[in-house]
Number of protein chains: 2
Amino acid sequence: MRVELLTVGDELLLGDTINGNAAWLGRRLADHGVDVTRGVVVGDELDLIVEAVTAALGRADAVITTGGLGPTYDDLTRDALAKAAGVGLVRDPALERRLRERVARAGRELQPMALRMADVPEGARVIANPAGSAPGLRVELPGGIVYALPGVPFEMHTIMDETVLPELAEIAGLPAVARRTLRTARMWESVVATRLAEVEALDGVRLAYLPDPAEVKVRITVAGPGAAGRLAAVEARVRDLLGDAVYGAEDESLDRVVHRLLAERAATVATAESLTGGLIGAELTAMPGSSATFAGGMVTYATEAKHRLLGVPADLLAEEGAVHPDVAAAMAAGVRDALNATYGLAVTGVAGPDPQDGRPVGTIYIGVAGPERSLTVVGPKLPVPGAGPESRAVIRRMTVVHALELLRRVLLGLDVTERSGKARPDREDRG
Amino acid sequence: MRVELLTVGDELLLGDTINGNAAWLGRRLADHGVDVTRGVVVGDELDLIVEAVTAALGRADAVITTGGLGPTYDDLTRDALAKAAGVGLVRDPALERRLRERVARAGRELQPMALRMADVPEGARVIANPAGSAPGLRVELPGGIVYALPGVPFEMHTIMDETVLPELAEIAGLPAVARRTLRTARMWESVVATRLAEVEALDGVRLAYLPDPAEVKVRITVAGPGAAGRLAAVEARVRDLLGDAVYGAEDESLDRVVHRLLAERAATVATAESLTGGLIGAELTAMPGSSATFAGGMVTYATEAKHRLLGVPADLLAEEGAVHPDVAAAMAAGVRDALNATYGLAVTGVAGPDPQDGRPVGTIYIGVAGPERSLTVVGPKLPVPGAGPESRAVIRRMTVVHALELLRRVLLGLDVTERSGKARPDREDRG
């Protein structure tokens, strides 16, 4: 089955909007084994839309359009589909009723223009839009099927997942599909892929790697009879092969995992940041309710503040500079005590673009101080992704991931020395 | 002049990459008065690229392609253009020499495959790529001109701005164009647009509004004879109409402006953050060299830490809760003193999704403590953009902008009471 995408809207041609809908649709369809063979963008012009739909059906079995279904007069996809089918538009009474109810519930007045959203090409099937006003449409043309979806991403996603994908799968005789995303930290994409080679070779299993700085998400798609049951077995095998680098699944980001682990232990964490300047604190407060497990933090960007606020020994800073494993450990213990937290998490390092205290760009040291002892992890030296401001941002982002992942490993009692450097003996706190 | 865009690459159809190149090209061309009439995406298949180029030239005067010019065997745009022109590929000696030199300079060995980037359709013109290995190409076909550009955004931008846009302008007889972007904070997009209505009405002047949370960039494009000179006059008028809401131009972001103003005064700032959790510190350390003017910060997310670390009076916190103007002022003074900085900048507020201490989501208070006095700005109550985690992120981002903008205004001695609330009298520091 070949599918083409047609995205409608002047704002896309003008570049005021980036075509995220096409990317989302491409990924979703590929996951289900449907090939997208072309993507076309046209502006809000009736004849161009008609021509583009007709041409697409000359090549493909189905066309999915997004956009042009709203109430305003530059929303022309409905009209274009009617024209392509050689029929007129008829007002759908059920749609009209629903529109009037929605508007009344919101306490607003119905704009006559809004009723355009109740107009449907004769013979087309209405696809309910549980998330918004403009419905989706399914129109059969001589060359194939057209699914017309609204351009609002959330509405489009809902209609696609609930209706269009299952229908396409049935039409194409595609097998059932089950998906699962696992999240890993601190492992290179190529290492993840190498470890999973045997899984990738399985029939009906597709793996996609979605890399972010210092993280890789692995999307497992299983197609075929009994997909859901098979997925569980495949997921277990993937977890075996990746070991404890898997920190979560689906939308469970690293900060959420850390909060959950802390909450389970009735513990809190405080952060001391140098090169990240507050990014770790920002990450740990992204989630509502994070004050239960995040005690607060210090941004000791200047070397002197590391001494004064966190009790990092002045002689250590004088001898070794601010970028040193012992400094990370002392910062962690210092901030733990200053904020009365159970754990202290600290980073020091060089974000660039210039080396600092004789250490090259990409050097980071992370310290974790627990209730009983503090621990420093040396490095790893981060790969430096090019030069310039983008590189600095990536190094800072990677440092956040490395720090949160270290804390996760400490909380779970996982080995940390083997992966990333030497553990240090207990030390007296200096906070 | 009508231009179509053809973006080549399987990764775009699969949705692994979002088509940012098409958006960038659309915006750039629109700014220069060139209409993009269609955008097409095809995968890495020779015949599909040939067909798409030929079809596009049946409709438009010129086609701009991106992607498919690299060294690997799925880079097929060169081959497709040769096939469309009915010619062969020839190796360009100057390109080959340049490739060999680049590889030698990097101390690497030349992969034979890389020489594909020195192959050119017979009769095509090579467009130098100062930013990378793969050159651009200009091919004249019976239907019109094809510009083939590499898919790496930075390389594509450079070739486009230096060569393609000036050439298209000349071919189309387009007038010279001059552009300038001004940056504003804390002013609604609709207010900016209303104030600039008279400028928008000027012949040959185009304004585009690029909104971000709590910021609006205004892109001024002037076309016509003497565009550069006219732009200066238009910019001056825009600055008059927007007043001191304009904080910078081009890439001068708010954090950079604040750093510059602090450096000019040999001053530093320290931050105390609540709902932003470290984002203000992160913003103030995004720029290399920021330690000269950023002293550090505290993230006092928990109420108790506001008292212990920043000296916010316990009775104030008990009576009024953590979200109160006096708390913001005390936090600012406290962090200024704790970090030995010239200025303290503090925020407290409610990021949501739930109200806190009886204050609704979107309430923020910002405090600035200067060398002589501290000042609190009440609100404004931020608009709450929907519910859920995205809204929380937007409120936090808006708070960062409001805080930096307030500090900018204080540093410049601009009026702050008139815009956003009451100024408070000097107060004893409690740090």
# chains A, B, ... in the order shown; residues from 1 in each chain; ligands from 1
$ interface_residues --of "chain B" --to "chain A" --cutoff "6 Å" --atoms "only C-alpha atoms" --output "mmCIF file with C-alpha atoms, in the first residue's frame"
data_model
loop_
_atom_site.group_PDB
_atom_site.id
_atom_site.type_symbol
_atom_site.label_atom_id
_atom_site.label_comp_id
_atom_site.auth_asym_id
_atom_site.auth_seq_id
_atom_site.Cartn_x
_atom_site.Cartn_y
_atom_site.Cartn_z
ATOM 1 C CA LEU B 13 9.218 10.747 4.489
ATOM 2 C CA LEU B 14 9.793 8.468 7.457
ATOM 3 C CA GLY B 15 9.426 11.444 9.760
ATOM 4 C CA ILE B 18 11.270 17.454 10.340
ATOM 5 C CA ALA B 23 10.318 26.287 6.175
ATOM 6 C CA TRP B 24 13.565 28.258 6.144
ATOM 7 C CA GLY B 26 9.874 29.506 2.274
ATOM 8 C CA ARG B 27 10.457 32.326 4.734
ATOM 9 C CA ARG B 38 4.538 24.145 -3.868
ATOM 10 C CA GLY B 39 6.745 21.997 -1.707
ATOM 11 C CA VAL B 40 7.427 18.364 -2.535
ATOM 12 C CA VAL B 41 9.274 15.691 -0.588
ATOM 13 C CA VAL B 42 10.499 12.515 -2.277
ATOM 14 C CA GLY B 277 13.855 26.114 39.358
ATOM 15 C CA GLY B 278 17.132 27.278 37.791
ATOM 16 C CA LEU B 279 16.052 28.396 34.326
ATOM 17 C CA GLY B 281 20.596 30.860 35.981
ATOM 18 C CA ALA B 282 20.731 28.516 33.017
ATOM 19 C CA THR B 285 25.138 30.967 31.770
ATOM 20 C CA ALA B 295 27.814 35.549 40.361
ATOM 21 C CA GLY B 296 25.647 32.501 40.894
ATOM 22 C CA GLY B 297 22.227 31.626 42.178
ATOM 23 C CA MET B 298 20.023 29.798 44.590
ATOM 24 C CA VAL B 299 17.064 27.653 43.777
ATOM 25 C CA THR B 300 14.908 27.960 46.857
ATOM 26 C CA TYR B 301 12.084 25.810 45.724
ATOM 27 C CA ALA B 302 11.022 24.785 49.195
#
$ residues_around --residues "Gly311 (chain A)" --least-positions-apart "6" --cutoff "12 Å" --atoms "only C-alpha atoms" --output "count of residues only"
22
$ residues_around --residues "region 260-266 of chain A" --least-positions-apart "3" --cutoff "10 Å" --atoms "only C-alpha atoms" --output "ChimeraX atom specification"
/A:254-257,269,290,292-294,342-343,407-408,411-412
$ closest_residue --among "B:Ser253, B:Thr184, B:Gln356, B:Thr77" --to "Gly136 (chain B)" --atoms "only C-alpha atoms"
B:Thr77
$ closest_residue --among "A:Pro130, A:Pro93, A:Pro355, A:Gly151" --to "Gly70 (chain A)" --atoms "only C-alpha atoms"
A:Gly151
$ select_by_dssp --residues "region 101-268 of chain B" --states "strand (DSSP E)" --output "PyMOL selection string"
chain B and resi 119-121+125-127+136-141+144-149+177-185+205-212+215-223+246-249
$ residues_around --residues "Val152 (chain A)" --least-positions-apart "5" --cutoff "10 Å" --atoms "only C-alpha atoms" --output "PyMOL selection string"
chain A and resi 21+66-67+69-70+131-132+134+157
$ write_last_selection --atoms "C-alpha atoms" --output "compact mmCIF listing (two decimals), in the first residue's frame"
# COMPACT_ATOMS: atom_id res chain seq x y z
CA ASN A 21 2.30 17.08 10.83
CA THR A 66 -4.12 17.75 6.75
CA GLY A 67 -5.37 21.29 7.09
CA LEU A 69 -10.97 22.01 7.32
CA GLY A 70 -11.51 24.99 9.62
CA ALA A 131 -10.73 16.59 20.30
CA GLY A 132 -12.10 19.55 18.34
CA ALA A 134 -13.74 20.19 12.55
CA HIS A 157 -3.22 12.61 16.03
$ residues_around --residues "region 231-245 of chain B" --least-positions-apart "3" --cutoff "9 Å" --atoms "only C-alpha atoms" --output "PyMOL selection string"
chain B and resi 178-180+182-187+192+195-196+199+205+220-223+226-228+409+414
$ atom_distance --atom1 "CA of Leu115 (chain B)" --atom2 "CA of Val164 (chain B)"
24.4 Å
